[in-house]
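Asks: Can you read through this structure? Questions will come right after.
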Amino acid sequence: MGYFDEDYVPKPKKERRWLVPVLSGIIIGMIIVLAALPGILQSGILPETWVNSNQTADSGTDGNGIGSTDYVSVDVSTQITEMVDEVSKAVVGVINIQRQGDFWEQQENDQAGTGSGVIYKKEDGYAFVITNHHVIEGADTVEVVLSDDTRVQAQILGSDLFSDLAVLRMDAKQVENTINMGSSATVKVGEPAIAIGNPLGMKFSGSVTTGVISGKQRTIPQDFNQDGRADWQAEVIQTDAAINPGNSGGALINIKGQLIGINSMKINETSVEGIGFAIPIDTAKPIVEELETKGEITRPYMGVEIYSLDEIPQTEWDQTLNLPNNVEGGVYVWTVDSLSPADQAGLKRLDVITKIDGQKVMNMIDLRKILYEEKQVGDSLKVTFYRDGKKKETTIKLGVQK
């Protein structure tokens, strides 16, 4: 049994009246510190590292809690913007001037159109410009507009309808920059692409649009005489960087500022957006060199109008062309020019060419590469073809395309 003292009376606990004043003092002290903090920061009393740390942590507000940008500094200058600024100086405007009137009337110069161009080299006191054939087509005089709006008269050294390329030469006294040449062979689908030119005329000169490489080795049919049939299949780079009328002849560059293409065409349909085309610079280089030195392009000539097999339904391969099952591709002959090298070699309509000098020809691109990159006028070609299902061979001596 426990012991219990009947005389024991418990003492009442002391009330904690000190707690409320202490808490009130802490709260009041915090309010005072927060109110005085901006003045302390600006006074220079605190070490600089403390001030910088506080500004970084609280750069979005000032002492009153209102958004402020006093402590925010953003540098928007990047390698890309500096590169574009430098490259833009080598991209020029090209003005096509044509004379109006006849012998009996006073002739007047009229601006027939504008486009863009790229200064690719300086040599012997001259500057050389690449542009498109259709930009200067029919011009009596051509003016080049530099990035600082200086106008210089230029001479057309050469122009080529099929490649849509032209070369201009002008005095180099006021030219400072030339563009760095790149390679279109190394571009990859999805990599950044930048187009520079003068869309819609000189009012928007030096416009820059960005995008990506959307496709390589695209083929675009071109109908020069408007007869409804393609006269040429242009091999181009596809990009979604905006290319508008006036951009033609301008530069398509990669992320390093190197020239990878000459802007040339755009699908001008209301239902199509983000599809622009450029001539690959690797394709353009030899043409530009020949235009610069000779003034024209000399191409080997077979004398046939041909189309890729993949342009017609597979059923026609069997029913019309009578091709055996082992034929996977080729080009079929639609017409043969009279007295042409192909005519003299015995080729006929609906013959299907599958090989040239033992190399497979799957489409028109394959044939063009062999014909225009590996052969010269006067060379002989061993052509393998099918006629009515039978395999045949003939030899064609290439002539000159006129």
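Labels for the structure tokens follow display order: chains A, B, ..., residues from 1 in each chain, ligands from 1.
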Where in region 76-191 of chain A does DSSP assign alpha helix (DSSP H), given as a VMD selection string?
Replies: chain A and resid 79 to 88 133 to 136
Asks: Export, as a PDB file, in the first residue's frame, the selected residues with N, CA and C atoms.
Replies:
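result.pdb, written as the output of this step:
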```
ATOM      1  N   GLN A  79      26.548  33.128 -80.985  1.00  0.00           N
ATOM      2  CA  GLN A  79      27.387  32.789 -82.123  1.00  0.00           C
ATOM      3  C   GLN A  79      26.579  32.818 -83.413  1.00  0.00           C
ATOM      4  N   ILE A  80      25.316  32.392 -83.328  1.00  0.00           N
ATOM      5  CA  ILE A  80      24.477  32.347 -84.527  1.00  0.00           C
ATOM      6  C   ILE A  80      24.180  33.746 -85.036  1.00  0.00           C
ATOM      7  N   THR A  81      23.783  34.656 -84.148  1.00  0.00           N
ATOM      8  CA  THR A  81      23.449  36.009 -84.589  1.00  0.00           C
ATOM      9  C   THR A  81      24.668  36.718 -85.158  1.00  0.00           C
ATOM     10  N   GLU A  82      25.830  36.499 -84.557  1.00  0.00           N
ATOM     11  CA  GLU A  82      27.052  37.104 -85.077  1.00  0.00           C
ATOM     12  C   GLU A  82      27.397  36.530 -86.442  1.00  0.00           C
ATOM     13  N   MET A  83      27.196  35.212 -86.608  1.00  0.00           N
ATOM     14  CA  MET A  83      27.466  34.562 -87.887  1.00  0.00           C
ATOM     15  C   MET A  83      26.536  35.090 -88.973  1.00  0.00           C
ATOM     16  N   VAL A  84      25.257  35.226 -88.654  1.00  0.00           N
ATOM     17  CA  VAL A  84      24.290  35.732 -89.628  1.00  0.00           C
ATOM     18  C   VAL A  84      24.625  37.161 -90.018  1.00  0.00           C
ATOM     19  N   ASP A  85      25.041  37.961 -89.056  1.00  0.00           N
ATOM     20  CA  ASP A  85      25.407  39.346 -89.334  1.00  0.00           C
ATOM     21  C   ASP A  85      26.570  39.415 -90.314  1.00  0.00           C
ATOM     22  N   GLU A  86      27.519  38.502 -90.180  1.00  0.00           N
ATOM     23  CA  GLU A  86      28.674  38.478 -91.066  1.00  0.00           C
ATOM     24  C   GLU A  86      28.301  37.964 -92.448  1.00  0.00           C
ATOM     25  N   VAL A  87      27.530  36.874 -92.499  1.00  0.00           N
ATOM     26  CA  VAL A  87      27.153  36.272 -93.781  1.00  0.00           C
ATOM     27  C   VAL A  87      26.255  37.212 -94.576  1.00  0.00           C
ATOM     28  N   SER A  88      25.375  37.938 -93.901  1.00  0.00           N
ATOM     29  CA  SER A  88      24.432  38.832 -94.586  1.00  0.00           C
ATOM     30  C   SER A  88      25.129  39.864 -95.459  1.00  0.00           C
ATOM     31  N   HIS A 133      19.166  31.979-112.864  1.00  0.00           N
ATOM     32  CA  HIS A 133      18.952  32.342-114.262  1.00  0.00           C
ATOM     33  C   HIS A 133      17.666  33.136-114.430  1.00  0.00           C
ATOM     34  N   HIS A 134      16.598  32.688-113.754  1.00  0.00           N
ATOM     35  CA  HIS A 134      15.322  33.370-113.962  1.00  0.00           C
ATOM     36  C   HIS A 134      15.292  34.763-113.350  1.00  0.00           C
ATOM     37  N   VAL A 135      16.238  35.078-112.456  1.00  0.00           N
ATOM     38  CA  VAL A 135      16.307  36.411-111.872  1.00  0.00           C
ATOM     39  C   VAL A 135      16.807  37.427-112.898  1.00  0.00           C
ATOM     40  N   ILE A 136      17.771  37.023-113.745  1.00  0.00           N
ATOM     41  CA  ILE A 136      18.374  37.975-114.690  1.00  0.00           C
ATOM     42  C   ILE A 136      17.938  37.709-116.133  1.00  0.00           C
TER      43      ILE A 136
END
```
Asks: Skipping near chain neighbours, those fewer than 4 positions away, what residues fall within 10 Å of Gly274 (chain A) using only C-alpha atoms, listed as a list in words?
Replies: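 Skipping anything fewer than 4 positions along the chain leaves Gly211, Ser214, Gln238, Thr239, Asp240, Ala241, Ala242, Ile243, Lys266 and Ile267 of chain A.
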Asks: Can you write just those residues out, C-alpha atoms, as a PDB file, in the first residue's frame?
Replies:
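What ended up in result_15.pdb:
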```pdb
ATOM      1  CA  GLY A 211      14.150  26.164 -90.321  1.00  0.00           C
ATOM      2  CA  SER A 214      13.376  18.760 -94.707  1.00  0.00           C
ATOM      3  CA  GLN A 238      14.036  20.877 -99.413  1.00  0.00           C
ATOM      4  CA  THR A 239      13.747  23.183 -96.411  1.00  0.00           C
ATOM      5  CA  ASP A 240      10.937  24.639 -94.327  1.00  0.00           C
ATOM      6  CA  ALA A 241      12.782  27.962 -93.949  1.00  0.00           C
ATOM      7  CA  ALA A 242      10.484  30.500 -95.590  1.00  0.00           C
ATOM      8  CA  ILE A 243      11.523  31.231 -99.207  1.00  0.00           C
ATOM      9  CA  LYS A 266       8.938  27.658-103.874  1.00  0.00           C
ATOM     10  CA  ILE A 267       5.606  25.913-104.233  1.00  0.00           C
TER      11      ILE A 267
END
```
Asks: Excluding Met265 (chain A) and residues on its chain fewer than 4 positions from it, collect all residues at most 9 Å away from it, counting only C-alpha atoms, and give them as a VMD selection string.
Replies: chain A and resid 243 to 245 247 to 248 276 to 279
Asks: Determine the nearest neighbour of Ser380 (chain A) from the options A:Leu347, A:Thr150, A:Tyr301, A:Lys392, counting only C-alpha atoms.
Replies: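 Closest candidate: A:Tyr301.
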Asks: Excluding same-chain residues fewer than 3 positions from Ala345 (chain A), what lies within 7 Å of it counting only C-alpha atoms, as a PyMOL selection string?
Replies: chain A and resi 341-342+394-396
Asks: Kindly save the residues from that selection, with N, CA and C atoms included, as an mmCIF file, in the first residue's frame.
Replies:
```
data_model
loop_
_atom_site.group_PDB
_atom_site.id
_atom_site.type_symbol
_atom_site.label_atom_id
_atom_site.label_comp_id
_atom_site.auth_asym_id
_atom_site.auth_seq_id
_atom_site.Cartn_x
_atom_site.Cartn_y
_atom_site.Cartn_z
ATOM 1 N N PRO A 341 22.232 11.285 -131.665
ATOM 2 C CA PRO A 341 23.075 10.124 -131.343
ATOM 3 C C PRO A 341 22.260 8.883 -130.976
ATOM 4 N N ALA A 342 21.166 9.052 -130.234
ATOM 5 C CA ALA A 342 20.333 7.907 -129.861
ATOM 6 C C ALA A 342 19.640 7.315 -131.075
ATOM 7 N N THR A 394 23.510 -1.389 -127.146
ATOM 8 C CA THR A 394 23.942 -0.549 -128.253
ATOM 9 C C THR A 394 24.964 0.452 -127.730
ATOM 10 N N THR A 395 25.660 1.099 -128.638
ATOM 11 C CA THR A 395 26.667 2.103 -128.264
ATOM 12 C C THR A 395 26.263 3.457 -128.848
ATOM 13 N N ILE A 396 26.277 4.481 -127.972
ATOM 14 C CA ILE A 396 25.901 5.836 -128.368
ATOM 15 C C ILE A 396 27.120 6.738 -128.235
#
```
Asks: Any idea what's packed within 7 Å of region 353-366 of chain A, counting only C-alpha atoms, ignoring anything in its chain fewer than 5 positions away? Could you give it as a PDB file with all heavy atoms, in the first residue's frame?
Replies:
```
ATOM      1  N   TYR A 307      11.833   9.243-119.069  1.00  0.00           N
ATOM      2  CA  TYR A 307      11.159   9.371-117.778  1.00  0.00           C
ATOM      3  C   TYR A 307      11.476   8.142-116.928  1.00  0.00           C
ATOM      4  O   TYR A 307      11.755   7.060-117.460  1.00  0.00           O
ATOM      5  CB  TYR A 307       9.643   9.507-117.962  1.00  0.00           C
ATOM      6  CG  TYR A 307       9.241  10.746-118.706  1.00  0.00           C
ATOM      7  CD1 TYR A 307       9.077  10.739-120.095  1.00  0.00           C
ATOM      8  CD2 TYR A 307       9.054  11.952-118.032  1.00  0.00           C
ATOM      9  CE1 TYR A 307       8.731  11.889-120.788  1.00  0.00           C
ATOM     10  CE2 TYR A 307       8.697  13.103-118.710  1.00  0.00           C
ATOM     11  CZ  TYR A 307       8.546  13.070-120.087  1.00  0.00           C
ATOM     12  OH  TYR A 307       8.214  14.220-120.763  1.00  0.00           O
ATOM     13  N   SER A 308      11.428   8.332-115.620  1.00  0.00           N
ATOM     14  CA  SER A 308      11.704   7.222-114.704  1.00  0.00           C
ATOM     15  C   SER A 308      10.561   6.227-114.701  1.00  0.00           C
ATOM     16  O   SER A 308       9.382   6.605-114.785  1.00  0.00           O
ATOM     17  CB  SER A 308      11.927   7.753-113.283  1.00  0.00           C
ATOM     18  OG  SER A 308      13.008   8.648-113.237  1.00  0.00           O
ATOM     19  N   LEU A 309      10.901   4.958-114.572  1.00  0.00           N
ATOM     20  CA  LEU A 309       9.874   3.917-114.507  1.00  0.00           C
ATOM     21  C   LEU A 309       8.950   4.099-113.321  1.00  0.00           C
ATOM     22  O   LEU A 309       7.769   3.737-113.383  1.00  0.00           O
ATOM     23  CB  LEU A 309      10.531   2.527-114.440  1.00  0.00           C
ATOM     24  CG  LEU A 309      10.992   1.880-115.749  1.00  0.00           C
ATOM     25  CD1 LEU A 309      11.603   0.521-115.462  1.00  0.00           C
ATOM     26  CD2 LEU A 309       9.847   1.747-116.736  1.00  0.00           C
ATOM     27  N   GLY A 329      14.129  -1.265-111.932  1.00  0.00           N
ATOM     28  CA  GLY A 329      14.027   0.161-112.203  1.00  0.00           C
ATOM     29  C   GLY A 329      14.699   0.499-113.509  1.00  0.00           C
ATOM     30  O   GLY A 329      15.302  -0.347-114.173  1.00  0.00           O
ATOM     31  N   GLY A 330      14.587   1.755-113.903  1.00  0.00           N
ATOM     32  CA  GLY A 330      15.191   2.205-115.146  1.00  0.00           C
ATOM     33  C   GLY A 330      14.496   3.453-115.648  1.00  0.00           C
ATOM     34  O   GLY A 330      13.711   4.079-114.939  1.00  0.00           O
ATOM     35  N   VAL A 331      14.793   3.822-116.880  1.00  0.00           N
ATOM     36  CA  VAL A 331      14.129   4.951-117.528  1.00  0.00           C
ATOM     37  C   VAL A 331      13.598   4.489-118.871  1.00  0.00           C
ATOM     38  O   VAL A 331      14.229   3.689-119.561  1.00  0.00           O
ATOM     39  CB  VAL A 331      15.085   6.145-117.721  1.00  0.00           C
ATOM     40  CG1 VAL A 331      15.543   6.697-116.386  1.00  0.00           C
ATOM     41  CG2 VAL A 331      16.292   5.769-118.574  1.00  0.00           C
ATOM     42  N   TYR A 332      12.418   4.966-119.225  1.00  0.00           N
ATOM     43  CA  TYR A 332      11.852   4.574-120.514  1.00  0.00           C
ATOM     44  C   TYR A 332      11.924   5.753-121.484  1.00  0.00           C
ATOM     45  O   TYR A 332      11.823   6.913-121.102  1.00  0.00           O
ATOM     46  CB  TYR A 332      10.419   4.071-120.360  1.00  0.00           C
ATOM     47  CG  TYR A 332       9.406   5.087-119.909  1.00  0.00           C
ATOM     48  CD1 TYR A 332       8.638   5.806-120.820  1.00  0.00           C
ATOM     49  CD2 TYR A 332       9.193   5.330-118.540  1.00  0.00           C
ATOM     50  CE1 TYR A 332       7.696   6.734-120.403  1.00  0.00           C
ATOM     51  CE2 TYR A 332       8.265   6.257-118.125  1.00  0.00           C
ATOM     52  CZ  TYR A 332       7.521   6.956-119.050  1.00  0.00           C
ATOM     53  OH  TYR A 332       6.597   7.877-118.640  1.00  0.00           O
ATOM     54  N   LEU A 381      29.010   5.619-125.073  1.00  0.00           N
ATOM     55  CA  LEU A 381      28.303   4.944-123.991  1.00  0.00           C
ATOM     56  C   LEU A 381      27.831   3.569-124.456  1.00  0.00           C
ATOM     57  O   LEU A 381      27.259   3.434-125.538  1.00  0.00           O
ATOM     58  CB  LEU A 381      27.067   5.745-123.553  1.00  0.00           C
ATOM     59  CG  LEU A 381      27.241   7.153-123.006  1.00  0.00           C
ATOM     60  CD1 LEU A 381      25.875   7.719-122.667  1.00  0.00           C
ATOM     61  CD2 LEU A 381      28.130   7.151-121.784  1.00  0.00           C
ATOM     62  N   LYS A 382      28.018   2.578-123.616  1.00  0.00           N
ATOM     63  CA  LYS A 382      27.435   1.262-123.853  1.00  0.00           C
ATOM     64  C   LYS A 382      26.109   1.214-123.101  1.00  0.00           C
ATOM     65  O   LYS A 382      26.079   1.268-121.869  1.00  0.00           O
ATOM     66  CB  LYS A 382      28.370   0.164-123.365  1.00  0.00           C
ATOM     67  CG  LYS A 382      27.859  -1.243-123.643  1.00  0.00           C
ATOM     68  CD  LYS A 382      28.861  -2.273-123.158  1.00  0.00           C
ATOM     69  CE  LYS A 382      28.367  -3.691-123.422  1.00  0.00           C
ATOM     70  NZ  LYS A 382      29.334  -4.712-122.910  1.00  0.00           N
ATOM     71  N   VAL A 383      25.005   1.157-123.822  1.00  0.00           N
ATOM     72  CA  VAL A 383      23.670   1.253-123.240  1.00  0.00           C
ATOM     73  C   VAL A 383      22.999  -0.119-123.255  1.00  0.00           C
ATOM     74  O   VAL A 383      22.895  -0.761-124.307  1.00  0.00           O
ATOM     75  CB  VAL A 383      22.797   2.257-124.016  1.00  0.00           C
ATOM     76  CG1 VAL A 383      21.396   2.314-123.413  1.00  0.00           C
ATOM     77  CG2 VAL A 383      23.447   3.627-124.002  1.00  0.00           C
ATOM     78  N   THR A 384      22.559  -0.559-122.064  1.00  0.00           N
ATOM     79  CA  THR A 384      21.789  -1.797-121.932  1.00  0.00           C
ATOM     80  C   THR A 384      20.320  -1.423-121.796  1.00  0.00           C
ATOM     81  O   THR A 384      19.973  -0.607-120.937  1.00  0.00           O
ATOM     82  CB  THR A 384      22.243  -2.603-120.706  1.00  0.00           C
ATOM     83  OG1 THR A 384      23.645  -2.887-120.826  1.00  0.00           O
ATOM     84  CG2 THR A 384      21.481  -3.912-120.602  1.00  0.00           C
ATOM     85  N   PHE A 385      19.457  -2.031-122.617  1.00  0.00           N
ATOM     86  CA  PHE A 385      18.041  -1.668-122.595  1.00  0.00           C
ATOM     87  C   PHE A 385      17.170  -2.880-122.934  1.00  0.00           C
ATOM     88  O   PHE A 385      17.659  -3.914-123.408  1.00  0.00           O
ATOM     89  CB  PHE A 385      17.766  -0.517-123.572  1.00  0.00           C
ATOM     90  CG  PHE A 385      17.976  -0.859-125.014  1.00  0.00           C
ATOM     91  CD1 PHE A 385      16.909  -1.234-125.831  1.00  0.00           C
ATOM     92  CD2 PHE A 385      19.247  -0.816-125.582  1.00  0.00           C
ATOM     93  CE1 PHE A 385      17.098  -1.559-127.164  1.00  0.00           C
ATOM     94  CE2 PHE A 385      19.447  -1.132-126.919  1.00  0.00           C
ATOM     95  CZ  PHE A 385      18.369  -1.498-127.706  1.00  0.00           C
ATOM     96  N   TYR A 386      15.870  -2.743-122.655  1.00  0.00           N
ATOM     97  CA  TYR A 386      14.882  -3.784-122.964  1.00  0.00           C
ATOM     98  C   TYR A 386      13.902  -3.246-124.001  1.00  0.00           C
ATOM     99  O   TYR A 386      13.448  -2.106-123.907  1.00  0.00           O
ATOM    100  CB  TYR A 386      14.127  -4.211-121.708  1.00  0.00           C
ATOM    101  CG  TYR A 386      14.927  -5.092-120.783  1.00  0.00           C
ATOM    102  CD1 TYR A 386      15.788  -4.543-119.826  1.00  0.00           C
ATOM    103  CD2 TYR A 386      14.831  -6.486-120.866  1.00  0.00           C
ATOM    104  CE1 TYR A 386      16.520  -5.348-118.985  1.00  0.00           C
ATOM    105  CE2 TYR A 386      15.566  -7.300-120.023  1.00  0.00           C
ATOM    106  CZ  TYR A 386      16.412  -6.735-119.085  1.00  0.00           C
ATOM    107  OH  TYR A 386      17.150  -7.540-118.246  1.00  0.00           O
TER     108      TYR A 386
END
```
Asks: Among region 95-239 of chain A, which ones does DSSP place in strand (DSSP E or B), written as number ranges by chain?
Replies: A: 95-100, 108-123, 126-131, 141-145, 151-160, 165-171, 180-181, 192-197, 207-222, 232-239
Asks: If we count only C-alpha atoms, what is near Leu323 (chain A) at a cut-off of 8 Å, once residues fewer than 5 positions away on the same chain are taken out, given as a list of chain:residue names?
Replies: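 My reading of the contact set: A:Trp317, A:Asp318, A:Tyr386, A:Asp388, A:Gly389.
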